[in-house]
Every structure is written in structure tokens, then in C-alpha cells.
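Enquirer: Let me begin by handing over the structure; questions about it come next.
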Amino acid sequence: MSLAAAQERAAELNVISRKQRSLWQDARYRFVRNRAAMFGLVVIALAGLLAIFAPVLAPYDPTATFTAGGRQAPTLADPFWAGTKYVDPRYALGTDQIGRDILSRLIWSSRVSMVVGFVPVAIVFLIGVSVGMLAGYHGGWIDQILMRITDVVYAFPDLLFLIIIFATLRTHPIGDLMGGLVLMFAGIAIVNWVGMARLVRGQVLSLKEKEYVEAARAIGAPATRIMSRHLLPNALGPVVVAVAFGIPSAMLAEGTLSFIGVGIRPPTATWGVMINEGYQVFSTSPWPVLMPAACIAVVMLAFTFVGDGIRDAIDPRMKI
Amino acid sequence: MLTYVVRRVLLLFPTLFVVAVIVFALAHAAPGSPFDPNPDRPLPPQTVERLNRYYGVDRPLYEQFAMYMGNLVRLDLGRSLVQDRTVAQIIGQQFPVSAQLGLQALFLALAIALPLGVISALRQNSAIDHGGILLATLGTTVPSFVVAIFAIYLFGLNLGLVPLVGWGTPKHMILPTAILALGATAFLTRITRASMLEAIRQDYVRTARSKGLSEQTIVVWHVLRNAMIPVATIIGPATAALVTGSFIIEWFFAIPGIGREFVLSINRRDYPLIMGVYLLYALIIAVANLVVDIVYGLIDPRIRVSK
């Protein structure tokens with residue numbers, strides 16, 4: 001579709017549903033003007049590119065051992081590390097305690113982080129929106145079951161529950177799939193879908209009393225159409241915000257679990273695993289720990305900026 | 001009100017029961033037993049059998065569960081499979097360390113967050129306000145173990161001001177307390193600031209100002225009193241979060257608290273200990289939430305608990 005045609009089509013659509021489009025256009029306008037959010041978006045885009053092109057960009061195999069029997073300081077040594085003897089220009093950020101290239105490991109880790117951020121949140125979105133929508137719209141037994149599940153899930157301290165899931169199922173065949181990634185997806189989704197379902201349910205409960213829903217029902221629109229065309233678009237604002245904050249919190253869960261040694265299995269490189277492994281020699285060679293820690297901090301900040309930006313853009317009144 | 005409190009307290013039991021069932025099921029879904037032959041230190045089969053019998057691991061699952069719940073009612077959490085102590089003894093010896101760490105962090109967080117939040121709101125868009133927002137963003141965003149890594153690198157490794165790990169002397173406590181407090185400080189600052197801004201815009205503040213009351217009187221008697229309600233209610237969950245969330249910091253700084261014990265027990269598959277500590281954590285959080293709901297009704301006359 002050419003640009004002119006696209007614009008024409010957009011104008012057409014604008015006539016049909018002006019109110020709704022202008023709301024999202026408004027939001028986009030506010031978001032683009034938010035400098036912190038745009039900065040965060042750029043960082044995330046870069047991290048995403050690193051993740052996608054990891055096999056091309058990483059200079060070495062992230063799990064192969066190069067400098068046998070010892071770690072090497074980064075070439076770009078900072079004043080504190082200058083005293084370290086081994087510096088090899090082939091390994092720009094040095095090697096870790098068993099001689100693996102840190103730069104390559106950092107790059108491959110971004111892959112795990114991105115996947116762990118997005119996949120479980122996509123699952124949470126699908127399950128949470130469907131269940132919340134059904135529970136809110138139909139009420140009845142679906143709603144009752146959802147509310148009882150919610151009561152139970154809210155009783156679990158969530159990070160601790162994830163730890164229990166991992167501690168017990170890690171040695172199970174399920175925990176072995178893809179080096180623990182499948183269990184990570186499932187665990188994070190199990191802990192988080194309920195919150196999403198409750199959020200959507202609350203939205204739907206108030207939206208379904210609106211006149212336009214009643215009007216749609218009056219002209220005989222089927223429930224599926226009302227849900228997908230009338231309720232979903234209008235409930236989407238808070239859901240998008242929840243998704244934006246869900247992604248970094250899923251990444252953080254992976255980082256924390258791997259850091260205490262129950263998350264993704266070594267030798268797979270993730271920032272959390274790198275910190276866990278490097279911490280044993282932290283006092284003599286801090287760089288294998290500092291660099292993944294910095295990566296986590298930067299990515300978490302970027303996602304928070306974007307999340308804050310989206311929240312402010314969608315509903316300027318929602319402030320905390 | 002009393003019926004409400006009683007009902008909520010009674011509701012704790014089914015909740016904790018479900019928690020116990022699920023954690024028990026998960027713990028026993030894990031393949032293998034803690035007494036599986038270890039290639040490094042082979043045990044004679046008779047010994048393994050005797051151990052299994054002693055700890056009841058050879059019985060059917062439902063029997064084990066019934067036994068566990070029966071003991072739980074008598075507050076007997078069983079024996080650790082690895083250490084020569086009962087779970088209750090371990091909790092009794094090590095929970096105080098976590099509680100101390102958590103409470104120190106709570107007081108530190110309150111001492112910083114309350115003034116900072118109040119001043120931020122009163123002087124909106126000032127340097128202090130921006131500083132407060134920055135702290136709030138960093139504190140809620142950057143994970144505590146990442147902060148811990150950089151803090152220990154700077155203050156411990158390079159400046160040598162504090163010991164790297166351990167617990168006991170005040171010097172050991174500074175970094176873990178401060179880092180654990182950071183998240184809570186950020187969160188409480190946000191809440192205090194938002195709640196102050198909300199209170200400042202209320203009609204009764206405008207009325208007070210139009211009556212000609214001094215700014216100081218307005219802030220102390222009209223704004224602060226109302227702004228503190230949400231803050232007061234959040235202190236309960238914040239305490240619970242600090243006490244149960246300290247396991248990362250305890251693990252990092254090798255602090256002999258119950259959180260570190262929890263992580264250790266998970267790596268050692270010490271199921272009675274895992275379950276005991278988890279139930280303790282769930283209980284702390286459930287009680288904290290309960291206290292909030294009750295206190296909220298007590299201190300804010302606008303909220304009436306539905307019967």
C-alpha cells in the first residue's frame with residue numbers, strides 16, 4: 001500500500017471511529033514527546049537487535065572456553081583493574097573465571113532476557129484477557145472460579161512461589177526443556193495471569209454497563225462481537241500499561257532466580273547466571289559480575305521509562 | 001467490625017491450608033529423594049531404607065501429607081533432612097536475624113521516605129522533588145542485587161569501608177540494611193508524595209486557606225493528617241515485603257537469616273525446611289494484609305467495612 005493510499009484509508013477510518021482513533025493518536029503524540037520514554041525505547045530496540053543478531057554480532061561461542069585455566073581482565077580496563085596482568089585484545093571485555101568470552105556471553109544473554117520478557121507476558125496477555133473478559137461479561141460460575149483462584153494465588157508470595165516451582169521441578173523432565181526456558185515461561189505465566197484476568201474483569205464490569213454496549217446488544221450483536229469490538233478496545237489502556245510493566249518484571253524474575261542458582265541452567269548464558277557464577281571470584285575479579293549487573297540495570301530502567309511513558313500517555317490522570 | 005475481624009482471621013486457615021497443599025504437592029513432585037545414592041558418598045541400601053522409614057518418606061503421599069498437617073496443627077514443622085535441628089529450631093534461631101534486618105531497613109526507609117515525600121509534594125518541581133522522583137524511580141527499578149553488587153564493589157572492594165560479607169557488627173549491617181531499605185524507600189516516597197499531592201488539592205484545604213489559617217497549620221493539621229492514611233496502611237505490607245524479601249540480600253551478603261536458609265534448603269532439597277519457611281512467609285504476608293484492611297477501617301472514618 002502506498003503512503004498516499006494509506007493516508008486515505010486512515011482518513012476513512014477516522015471518520016468511522018473518530019473518537020477511538022484520536023484517543024490513541026493523542027496517546028502516541030504524548031508518548032513521542034516524552035524524552036525518557038523515547039530514550040528507553042531506543043535502548044530496548046538496541047537490546048532487541050543484539051538479541052536477534054546475537055549469532056552474527058557475538059565474536060565467539062558464548063559457552064566455549066578460550067583462555068584455559070584463568071580469567072582475563074577487560075582490555076578497556078578501568079583504573080581499578082589496571083593492575084591485572086592478563087590483558088588480551090582479542091577479548092574486548094575479558095574472559096570469565098573459566099575462560100569464556102564475556103562480551104559474547106553478554107550478547108547472548110540479551111536473547112534470553114528478551115525472550116523471557118516477552119513470551120510469558122504474551123501468554124499472560126492471552127489467558128488473562130480471555131478469562132477476564134469471560135468472567136466480567138458472563139459472570140456466573142466462570143467469575144466465581146476466577147475469584148477463588150485469585151484468592152489463592154494472592155496468598156502466595158509470588159517470587160518465593162516461583163522459587164519453589166523452580167526448586168522442585170528443575171530436576172523434573174519439564175525443567176530440562178530448553179535449558180529451563182520452558183519452565184521459566186510457564187512459571188512466570190502461572191504466577192501472573194491472575195492479576196491480568198482480574199484487571200480485565202474489572203474493566204469489563206464497568207464497561208458493559210455503557211450505552212454503546214447496550215446498543216450493540218439491542219441490535220442483536222453476538223457476545224463474541226461485543227467482546228472483541230466493543231469491550232476489548234476500550235479495556236485495552238490499562239492492559240497495555242500492565243503488559244509494559246510485566247515485561248521487565250518477568251526479566252527480573254529470571255535474573256533473580258538465575259542469580260540464586262535455580263533459574264536458567266548453566267552453561268546457557270543469562271545475565272543472572274553470569275552474576276551467579278562470577279560471584280564466587282568477585283573479590284579478586286569483579287568484572288564478570290559488574291558487566292551483567294550493569295546490563296540488567298540499564299534494561300530495567302529502559303523498560304520502566306517506557307512503561308511510565310505509556311501510562312502517562314494513555315491516561316495522564318493515572319499518576320503515582 | 002468484630003465479626004469482620006473474626007471472619008478474616010478464620011479465613012486465614014483455608015488460605016494457608018491451600019498454600020500447604022500446593023507446596024507439599026510441588027515438593028513431592030520433584031523426582032528423587034534426598035537420600036538418593038550419592039556417587040561421592042555411597043550409602044548402604046539398608047541405611048537409605050532406614051532413613052526413608054525414619055522420615056516417613058516411604059509411606060504413600062496422602063499419608064505423609066496427613067502426618068504433616070497433623071503435626072502442623074501442633075505447630076510441629078518436622079525435622080530438617082540435612083541439619084540436626086528441627087525446622088522450628090532453625091526458624092527460631094535464624095528468623096530473628098531476618099526480622100532485625102527487615103525492621104532496621106523499615107525504619108531507615110521511613111526516616112528517609114516520609115520527609116522526602118512530604119517536601120517533594122510541598123515543593124513540587126523543585127530540586128528536592130526531582131531528586132525524590134529520581135530516587136523513587138531508581139529504587140523501584142534497579143533490582144536490589146544489582147545495587148548490592150555495585151555498592152559492595154565501591155564501598156567494600158575499592159574503598160574498603162565495610163566488610164564484604166557477614167553479619168554481626170554494625171559495620172556488617174550498614175550495606176545490607178541500606179540496600180534492602182532502598183526499594184521500600186523508593187516505594188514509600190512515591191506513596192507519600194502522591195498522597196500529599198492528593199490531600200493538598202482537597203476542598204477542605206482550600207477552605208482552611210480561605211479561613212486565613214497559617215500555612216504551617218494547614219500543612220500539619222489538614223494535609224499531613226489525611227495524607228498519612230494511605231502511608232500508614234502500606235507500612236504493614238512493606239514490613240512483610242522487607243522481612244520476606246530479604247532472602248536475596250541475605251544470600252548475597254551471607255547473612256545467617258532465614259532467607260539464606262531458605263535458599264540453601266532449596267538447593268539441598270530439604271523439603272520440611274522449604275515448606276516450613278514458605279508457610280511462615282505466607283503467614284506473615286497474609287497477616288500483614290489482614291492488619292492493613294482492619295487498620296484502614298479504624299483510622300479512616302470514611303471507610304466502612306461492609307458486614
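Residue numbering restarts at 1 in every chain; chains get A, B, ... in the order shown in the C-alpha cells, and ligands count up from 1 in that same order.
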Give as a list in words every residue of chain A that touches chain B within 7 Å, counting only C-alpha atoms.
Expert: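 The selection requested is Val152, Ala155, Phe156, Pro157, Ile165, Ala167, Thr168, Leu169, Thr171, His172, Ser283, Leu290, Ala293, Ala297, Met300, Leu301, Thr304 and Ile320 of chain A.
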Enquirer: What's the 8 Å shell around stretch 75-79 of chain B, counting only C-alpha atoms, without same-chain residues fewer than 4 positions away, as a PDB file with C-alpha atoms, in the first residue's frame?
Expert:
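Writing done, so here's part-v5.pdb:
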```
ATOM      1  CA  TYR B  68       2.498 -33.336  58.095  1.00  0.00           C
ATOM      2  CA  ASN B  71       1.965 -32.154  63.145  1.00  0.00           C
ATOM      3  CA  ASP B  84      20.449 -31.972  63.010  1.00  0.00           C
ATOM      4  CA  ARG B  85      17.793 -29.469  64.066  1.00  0.00           C
ATOM      5  CA  THR B  86      14.031 -29.245  63.857  1.00  0.00           C
ATOM      6  CA  VAL B  87      12.551 -26.765  61.421  1.00  0.00           C
ATOM      7  CA  ALA B  88      11.080 -24.858  64.357  1.00  0.00           C
ATOM      8  CA  PRO B 272      10.465 -29.900  55.559  1.00  0.00           C
ATOM      9  CA  LEU B 273      12.550 -26.736  55.828  1.00  0.00           C
ATOM     10  CA  GLY B 276       8.157 -24.567  56.957  1.00  0.00           C
TER      11      GLY B 276
END
```
Enquirer: Work out how far atom CA of B:Leu180 is from atom CA of B:Leu108, in Å to one decimal.
Expert: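 It comes out at 9.7 Å.
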Enquirer: Can you pull out every residue within 10 Å of A:Ala186, counting only C-alpha atoms, but drop anything in the same chain fewer than 4 positions away, and send it as a list in words?
Expert: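 Neighbouring residues, sequence-local ones excluded: Val119, Pro120, Ile123, Val124, Leu162, Ile165, Leu181, Val182, Ile190, Val191 and Asn192 of chain A.
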Enquirer: Output N, CA and C atoms for every residue in the selection just made, as a compact mmCIF listing (two decimals), in the first residue's frame.
Expert:
```
# COMPACT_ATOMS: atom_id res chain seq x y z
N VAL A 119 7.80 -13.59 25.98
CA VAL A 119 6.97 -14.79 25.81
C VAL A 119 5.99 -14.99 26.97
N PRO A 120 6.45 -14.99 28.24
CA PRO A 120 5.47 -15.21 29.31
C PRO A 120 4.41 -14.11 29.35
N ILE A 123 1.80 -14.89 26.93
CA ILE A 123 0.90 -15.93 27.46
C ILE A 123 -0.05 -15.32 28.47
N VAL A 124 0.50 -14.50 29.37
CA VAL A 124 -0.32 -13.85 30.40
C VAL A 124 -1.40 -13.01 29.74
N LEU A 162 7.62 -18.77 42.72
CA LEU A 162 8.43 -19.11 41.55
C LEU A 162 9.65 -19.93 41.98
N ILE A 165 8.59 -23.42 42.67
CA ILE A 165 8.33 -24.14 41.42
C ILE A 165 9.66 -24.59 40.81
N LEU A 181 14.10 -22.91 29.99
CA LEU A 181 13.30 -21.79 29.47
C LEU A 181 11.81 -22.08 29.52
N VAL A 182 11.43 -23.30 29.16
CA VAL A 182 10.00 -23.63 29.12
C VAL A 182 9.39 -23.50 30.51
N ILE A 190 2.08 -18.64 35.14
CA ILE A 190 1.19 -19.13 36.19
C ILE A 190 1.05 -18.10 37.30
N VAL A 191 2.16 -17.47 37.66
CA VAL A 191 2.13 -16.52 38.76
C VAL A 191 1.39 -15.24 38.37
N ASN A 192 1.44 -14.88 37.09
CA ASN A 192 0.97 -13.54 36.71
C ASN A 192 -0.37 -13.46 35.98
```
Enquirer: If we count only C-alpha atoms, what is near stretch 258-275 of chain A at a cut-off of 8 Å, once residues fewer than 5 positions away on the same chain are taken out, given as a short mmCIF file (atom, residue, chain, number, x, y, z; two decimals) with N, CA and C atoms, in the first residue's frame?
Expert:
```
data_model
loop_
_atom_site.label_atom_id
_atom_site.label_comp_id
_atom_site.auth_asym_id
_atom_site.auth_seq_id
_atom_site.Cartn_x
_atom_site.Cartn_y
_atom_site.Cartn_z
N PRO A 62 29.41 -18.42 23.07
CA PRO A 62 29.30 -17.98 24.46
C PRO A 62 29.60 -19.08 25.47
N THR A 63 29.62 -20.34 25.04
CA THR A 63 29.85 -21.40 26.02
C THR A 63 31.22 -22.04 25.86
N ARG A 105 29.08 -13.65 25.84
CA ARG A 105 28.08 -14.11 26.81
C ARG A 105 27.04 -13.02 27.09
N LEU A 106 27.52 -11.77 27.20
CA LEU A 106 26.58 -10.67 27.44
C LEU A 106 25.59 -10.56 26.28
N TRP A 108 24.66 -12.86 24.05
CA TRP A 108 23.72 -13.98 24.01
C TRP A 108 22.72 -13.90 25.16
N SER A 109 23.15 -13.33 26.28
CA SER A 109 22.23 -13.20 27.41
C SER A 109 21.04 -12.31 27.07
N SER A 110 21.30 -11.27 26.25
CA SER A 110 20.20 -10.36 25.92
C SER A 110 19.09 -11.16 25.23
N VAL A 112 18.16 -14.31 25.90
CA VAL A 112 17.35 -14.96 26.94
C VAL A 112 16.45 -13.92 27.61
N SER A 113 17.04 -12.75 27.94
CA SER A 113 16.25 -11.74 28.64
C SER A 113 15.05 -11.31 27.82
N ILE A 163 10.26 -19.51 43.08
CA ILE A 163 11.44 -20.22 43.56
C ILE A 163 11.08 -21.67 43.89
N PHE A 166 10.61 -23.67 40.79
CA PHE A 166 11.89 -24.00 40.17
C PHE A 166 12.69 -24.99 40.97
N ALA A 167 12.67 -24.80 42.28
CA ALA A 167 13.46 -25.69 43.12
C ALA A 167 12.98 -27.13 42.97
N ARG A 170 12.88 -28.33 38.71
CA ARG A 170 14.07 -28.15 37.89
C ARG A 170 14.68 -29.48 37.48
N GLY A 179 16.85 -25.93 28.39
CA GLY A 179 17.71 -25.40 29.45
C GLY A 179 16.94 -24.67 30.54
N GLY A 180 15.66 -25.01 30.72
CA GLY A 180 14.88 -24.39 31.78
C GLY A 180 13.99 -23.26 31.29
N LEU A 181 14.10 -22.91 29.99
CA LEU A 181 13.30 -21.79 29.47
C LEU A 181 11.81 -22.08 29.52
N MET A 184 10.53 -21.65 32.83
CA MET A 184 10.53 -20.22 33.15
C MET A 184 9.27 -19.56 32.59
N PRO A 288 33.46 -9.87 35.71
CA PRO A 288 32.43 -10.77 35.17
C PRO A 288 31.07 -10.59 35.85
N VAL A 289 31.04 -9.97 37.01
CA VAL A 289 29.79 -9.73 37.71
C VAL A 289 29.26 -8.33 37.41
N LEU A 290 30.17 -7.34 37.39
CA LEU A 290 29.74 -5.96 37.21
C LEU A 290 29.07 -5.74 35.85
N PRO A 292 27.35 -7.87 33.62
CA PRO A 292 25.94 -8.27 33.51
C PRO A 292 25.04 -7.47 34.45
N ALA A 293 25.54 -7.10 35.63
CA ALA A 293 24.72 -6.30 36.55
C ALA A 293 24.35 -4.97 35.90
N CYS A 295 24.15 -4.39 32.72
CA CYS A 295 23.18 -4.66 31.65
C CYS A 295 21.76 -4.76 32.22
N ILE A 296 21.62 -5.50 33.32
CA ILE A 296 20.30 -5.63 33.93
C ILE A 296 19.77 -4.26 34.32
N ILE B 248 17.23 -12.36 49.10
CA ILE B 248 18.24 -12.05 48.08
C ILE B 248 19.45 -11.39 48.73
N TRP B 251 21.30 -13.82 50.95
CA TRP B 251 22.08 -14.74 50.13
C TRP B 251 23.35 -14.04 49.65
N VAL B 263 17.04 -20.34 50.78
CA VAL B 263 17.72 -20.60 49.50
C VAL B 263 18.60 -21.84 49.61
N ASN B 267 18.40 -25.53 47.49
CA ASN B 267 19.48 -26.20 46.76
C ASN B 267 19.77 -27.58 47.33
#
```
Enquirer: What does the structure give for the distance between atom CA of B:Leu122 and atom CA of A:Val241, in Å to one decimal?
Expert: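 Atom-to-atom, atom CA of B:Leu122 and atom CA of A:Val241 are spaced 28.4 Å apart.
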Enquirer: Excluding B:Ala181 and its own-chain neighbours fewer than 2 positions away, which residues fall within 8 Å of it when counting only C-alpha atoms? Please give them as a ChimeraX atom specification.
Expert: /B:105-106,108-109,177-179,183-185,242
Enquirer: Would you mind telling me which residue in A:Asn234, A:Arg35, A:Leu159, A:Pro55 lies nearest to A:Glu254 when using only C-alpha atoms?
Expert: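 Smallest distance to A:Glu254 is found for A:Leu159.
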Enquirer: Among the residues of stretch 209-302 of chain A, find those DSSP assigns to helix (DSSP H, G or I) from the backbone and print them as a PyMOL selection string.
Expert: chain A and resi 211-218+223-259+271-281+287-302
Enquirer: Find the distance between atom CA of B:Ile119 and atom CA of B:Gly132 and write it in Å to one decimal.
Expert: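 These atoms are spaced 9.1 Å apart.
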Enquirer: Tell me which protein, DNA and RNA residues are within 9 Å of stretch 219-228 of chain A, counting only C-alpha atoms, leaving out same-chain ones fewer than 5 positions away, and put them as a list in words.
Expert: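 These residues fall inside the cut-off: Met133, Leu134, Tyr137, Val204, Val213, Glu214 and Pro233 of chain A.
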Enquirer: With C-alpha atoms retained, write the just-selected residues as a short mmCIF file (atom, residue, chain, number, x, y, z; two decimals), in the first residue's frame.
Expert:
```
data_model
loop_
_atom_site.label_atom_id
_atom_site.label_comp_id
_atom_site.auth_asym_id
_atom_site.auth_seq_id
_atom_site.Cartn_x
_atom_site.Cartn_y
_atom_site.Cartn_z
CA MET A 133 -13.30 -10.94 29.56
CA LEU A 134 -15.45 -14.06 30.01
CA TYR A 137 -19.03 -10.31 30.78
CA VAL A 204 -15.29 -5.17 31.62
CA VAL A 213 -22.66 -1.99 24.73
CA GLU A 214 -26.36 -1.97 25.45
CA PRO A 233 -10.57 -1.90 22.54
#
```
Enquirer: Restricting the calculation to only C-alpha atoms, which member of A:Asn276, A:Ser104, A:Thr256, A:Asn34 is positioned closest to A:Phe305?
Expert: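 Of the candidates, the smallest distance to A:Phe305 is held by A:Asn34.
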Enquirer: Have a look at B:Met173, B:His222, B:Leu197, B:Phe107 and name the one nearest to B:Arg209; count only C-alpha atoms.
Expert: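 Checking each candidate against B:Arg209, we get B:His222 as the closest.
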